[in-house]
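See structure below.
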Amino acid sequence: MNDKTIRLEITESQFQALAKKKLVDVVALYDAVNSLTIAYPDKASLLNKFLSNETVDIIYHGGSSPGTKRRVVLQKINANGSFSAFCIESDASKSFKIEKAELTVK
């Protein structure tokens with residue numbers, strides 16, 4: 001059998017958020033975040049929030065209300081940069097694109 005070692009460098013809060021997920025899902029998430037950080041270095045702060053399932057404020061430059069600030073709970077991100085998040089204001093899960101999202105600083 002050809003075993004492969006997987007080494008992830010994550011913070012304690014990221015570990016707590018990821019501990020209940022399946023390893024294969026954690027590895028896929030980690031790989032997506034890393035590859036997207038290379039493709040979109042200006043989005044690194046937002047991408048890293050996916051590893052800790054944080055609630056964040058974003059300005060989304062797309063959708064029905066472009067430029068609107070939204071408070072969202074990040075759910076899932078795909079390798080192509082599309083992601084889903086629960087929008088607190090609209091009480092619904094929505095789809096976004098990483099290139100149109102901007103993390104706001106509190």
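Within each chain, counting starts at residue 1; across the structure tokens, chains are named A, B, ... in the order shown, with ligands numbered 1 upward in that order.
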For segment 13-16 of chain A, work out the shell of residues within 12 Å, counting only C-alpha atoms and skipping chain neighbours fewer than 4 positions away, then give it as a list in words.
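With the cut-off at 12 Å, the set is Leu8, Glu9, Lys20, Lys21, Leu23, Val26, Leu29, Tyr30, Asn48, Lys49, Phe50, Leu51, Ser52, Asn53 and Glu54 of chain A.
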Could you find all residues in segment 1-105 of chain A that DSSP calls alpha helix (DSSP H) from the backbone, and write them as JSON, numbers by chain?
{"A": [12, 13, 14, 15, 16, 17, 18, 23, 24, 25, 26, 27, 28, 29, 30, 31, 32, 33, 34, 35, 36, 37, 38, 39, 44, 45, 46, 47, 48, 49]}
Residues from last step as file, N, CA and C atoms, as a compact mmCIF listing (two decimals), in the first residue's frame:
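Result saved to selection.txt:
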# COMPACT_ATOMS: atom_id res chain seq x y z
N GLU A 12 -5.43 27.03 15.99
CA GLU A 12 -6.29 26.33 16.94
C GLU A 12 -7.77 26.57 16.62
N SER A 13 -8.14 27.81 16.28
CA SER A 13 -9.54 28.09 15.96
C SER A 13 -9.96 27.39 14.67
N GLN A 14 -9.06 27.29 13.71
CA GLN A 14 -9.36 26.55 12.48
C GLN A 14 -9.53 25.07 12.80
N PHE A 15 -8.68 24.53 13.67
CA PHE A 15 -8.81 23.13 14.06
C PHE A 15 -10.17 22.87 14.70
N GLN A 16 -10.58 23.75 15.60
CA GLN A 16 -11.88 23.58 16.26
C GLN A 16 -13.02 23.59 15.25
N ALA A 17 -12.94 24.46 14.26
CA ALA A 17 -13.98 24.55 13.24
C ALA A 17 -13.99 23.34 12.31
N LEU A 18 -12.81 22.79 12.04
CA LEU A 18 -12.70 21.70 11.07
C LEU A 18 -12.77 20.31 11.70
N LEU A 23 -12.05 14.05 6.98
CA LEU A 23 -10.70 14.43 6.55
C LEU A 23 -10.67 14.76 5.06
N VAL A 24 -11.35 13.99 4.24
CA VAL A 24 -11.34 14.24 2.80
C VAL A 24 -11.93 15.63 2.50
N ASP A 25 -12.94 16.05 3.25
CA ASP A 25 -13.53 17.38 3.05
C ASP A 25 -12.58 18.48 3.51
N VAL A 26 -11.88 18.23 4.61
CA VAL A 26 -10.91 19.20 5.11
C VAL A 26 -9.77 19.39 4.11
N VAL A 27 -9.27 18.30 3.57
CA VAL A 27 -8.17 18.37 2.59
C VAL A 27 -8.64 19.11 1.33
N ALA A 28 -9.85 18.82 0.86
CA ALA A 28 -10.38 19.50 -0.33
C ALA A 28 -10.53 21.01 -0.06
N LEU A 29 -11.03 21.36 1.12
CA LEU A 29 -11.19 22.76 1.49
C LEU A 29 -9.82 23.45 1.55
N TYR A 30 -8.88 22.82 2.21
CA TYR A 30 -7.53 23.36 2.35
C TYR A 30 -6.88 23.55 0.97
N ASP A 31 -7.02 22.56 0.09
CA ASP A 31 -6.46 22.66 -1.26
C ASP A 31 -7.11 23.80 -2.05
N ALA A 32 -8.44 23.92 -1.94
CA ALA A 32 -9.15 25.00 -2.65
C ALA A 32 -8.69 26.36 -2.16
N VAL A 33 -8.60 26.53 -0.84
CA VAL A 33 -8.17 27.81 -0.28
C VAL A 33 -6.74 28.13 -0.72
N ASN A 34 -5.85 27.16 -0.69
CA ASN A 34 -4.46 27.41 -1.09
C ASN A 34 -4.34 27.76 -2.57
N SER A 35 -5.01 27.02 -3.44
CA SER A 35 -4.90 27.30 -4.88
C SER A 35 -5.56 28.63 -5.23
N LEU A 36 -6.68 28.95 -4.57
CA LEU A 36 -7.34 30.23 -4.85
C LEU A 36 -6.53 31.41 -4.30
N THR A 37 -5.82 31.20 -3.21
CA THR A 37 -4.96 32.25 -2.66
C THR A 37 -3.84 32.59 -3.64
N ILE A 38 -3.35 31.60 -4.35
CA ILE A 38 -2.33 31.84 -5.37
C ILE A 38 -2.93 32.60 -6.55
N ALA A 39 -4.15 32.21 -6.95
CA ALA A 39 -4.81 32.85 -8.08
C ALA A 39 -5.32 34.26 -7.74
N ALA A 44 -6.76 36.75 -0.02
CA ALA A 44 -6.21 35.80 0.96
C ALA A 44 -6.90 35.90 2.32
N SER A 45 -7.17 37.10 2.79
CA SER A 45 -7.82 37.26 4.09
C SER A 45 -9.21 36.64 4.10
N LEU A 46 -9.97 36.87 3.05
CA LEU A 46 -11.30 36.27 2.96
C LEU A 46 -11.22 34.75 2.82
N LEU A 47 -10.33 34.27 1.99
CA LEU A 47 -10.19 32.83 1.77
C LEU A 47 -9.83 32.10 3.06
N ASN A 48 -8.96 32.68 3.86
CA ASN A 48 -8.57 32.04 5.12
C ASN A 48 -9.73 31.92 6.11
N LYS A 49 -10.73 32.76 5.97
CA LYS A 49 -11.90 32.70 6.86
C LYS A 49 -12.69 31.41 6.63
Do you have the atom CA of Ala92 of chain A-atom CA of Arg71 of chain A distance handy?
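For atom CA of Ala92 of chain A relative to atom CA of Arg71 of chain A, the distance reads 11.5 Å.
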All strand (DSSP E or B) positions in segment 76-106 of chain A, as a count of residues only
17
Near Ile59 of chain A, within 7 Å and counting only C-alpha atoms, which residues show up once chain neighbours fewer than 6 positions away are dropped, as a list of chain:residue names?
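Selected residues are A:Gly67, A:Thr68, A:Lys69, A:Arg70, A:Ala101, A:Glu102, A:Leu103, A:Thr104.
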Include all heavy atoms and write out the residues we just selected as a short mmCIF file (atom, residue, chain, number, x, y, z; two decimals), in the first residue's frame.
data_model
loop_
_atom_site.label_atom_id
_atom_site.label_comp_id
_atom_site.auth_asym_id
_atom_site.auth_seq_id
_atom_site.Cartn_x
_atom_site.Cartn_y
_atom_site.Cartn_z
N GLY A 67 -22.49 45.97 -4.68
CA GLY A 67 -21.90 46.96 -3.80
C GLY A 67 -22.50 46.98 -2.40
O GLY A 67 -22.10 47.78 -1.58
N THR A 68 -23.45 46.10 -2.15
CA THR A 68 -24.10 46.05 -0.84
C THR A 68 -23.27 45.26 0.15
O THR A 68 -22.73 44.21 -0.16
CB THR A 68 -25.49 45.39 -0.97
OG1 THR A 68 -26.27 46.12 -1.92
CG2 THR A 68 -26.22 45.35 0.35
N LYS A 69 -23.20 45.79 1.39
CA LYS A 69 -22.53 45.07 2.47
C LYS A 69 -23.46 43.97 2.96
O LYS A 69 -24.65 44.20 3.17
CB LYS A 69 -22.20 46.04 3.61
CG LYS A 69 -21.43 45.40 4.74
CD LYS A 69 -21.08 46.46 5.79
CE LYS A 69 -20.40 45.84 6.97
NZ LYS A 69 -20.07 46.86 7.99
N ARG A 70 -22.90 42.77 3.14
CA ARG A 70 -23.68 41.62 3.60
C ARG A 70 -22.94 40.91 4.72
O ARG A 70 -21.75 40.72 4.64
CB ARG A 70 -23.90 40.62 2.46
CG ARG A 70 -24.55 41.21 1.24
CD ARG A 70 -24.47 40.25 0.08
NE ARG A 70 -24.80 40.92 -1.16
CZ ARG A 70 -25.68 40.46 -2.04
NH1 ARG A 70 -26.31 39.33 -1.81
NH2 ARG A 70 -25.90 41.12 -3.15
N ALA A 101 -16.19 39.33 -4.43
CA ALA A 101 -16.39 39.54 -2.98
C ALA A 101 -15.21 40.29 -2.38
O ALA A 101 -14.06 40.06 -2.74
CB ALA A 101 -16.55 38.19 -2.29
N GLU A 102 -15.53 41.20 -1.47
CA GLU A 102 -14.52 42.00 -0.79
C GLU A 102 -14.77 41.90 0.71
O GLU A 102 -15.88 42.20 1.17
CB GLU A 102 -14.65 43.44 -1.28
CG GLU A 102 -13.79 44.43 -0.59
CD GLU A 102 -14.12 45.86 -1.04
OE1 GLU A 102 -14.78 46.06 -2.08
OE2 GLU A 102 -13.69 46.78 -0.32
N LEU A 103 -13.78 41.47 1.45
CA LEU A 103 -13.90 41.37 2.91
C LEU A 103 -13.82 42.77 3.49
O LEU A 103 -12.92 43.53 3.16
CB LEU A 103 -12.77 40.50 3.47
CG LEU A 103 -12.75 40.28 4.97
CD1 LEU A 103 -13.98 39.48 5.42
CD2 LEU A 103 -11.48 39.55 5.38
N THR A 104 -14.78 43.12 4.34
CA THR A 104 -14.73 44.43 4.99
C THR A 104 -14.02 44.30 6.33
O THR A 104 -14.07 43.26 6.97
CB THR A 104 -16.13 45.04 5.19
OG1 THR A 104 -16.87 44.21 6.10
CG2 THR A 104 -16.87 45.16 3.89
#
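From atom CA of Phe86 of chain A back to atom CA of Val105 of chain A, the distance works out to 19.0 Å.
Remark: for Gly81 of chain A, the closest of the candidate residues A:Lys97, A:Thr55, A:Lys22, A:Ser65 is A:Lys97 (distances computed over only C-alpha atoms).
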Of the listed residues A:Tyr40, A:Tyr60, A:Glu99, A:Pro66, that which approaches Ser82 of chain A most closely, counting only C-alpha atoms
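Going through A:Tyr40, A:Tyr60, A:Glu99, A:Pro66 one by one, the smallest distance to Ser82 of chain A is for A:Glu99.
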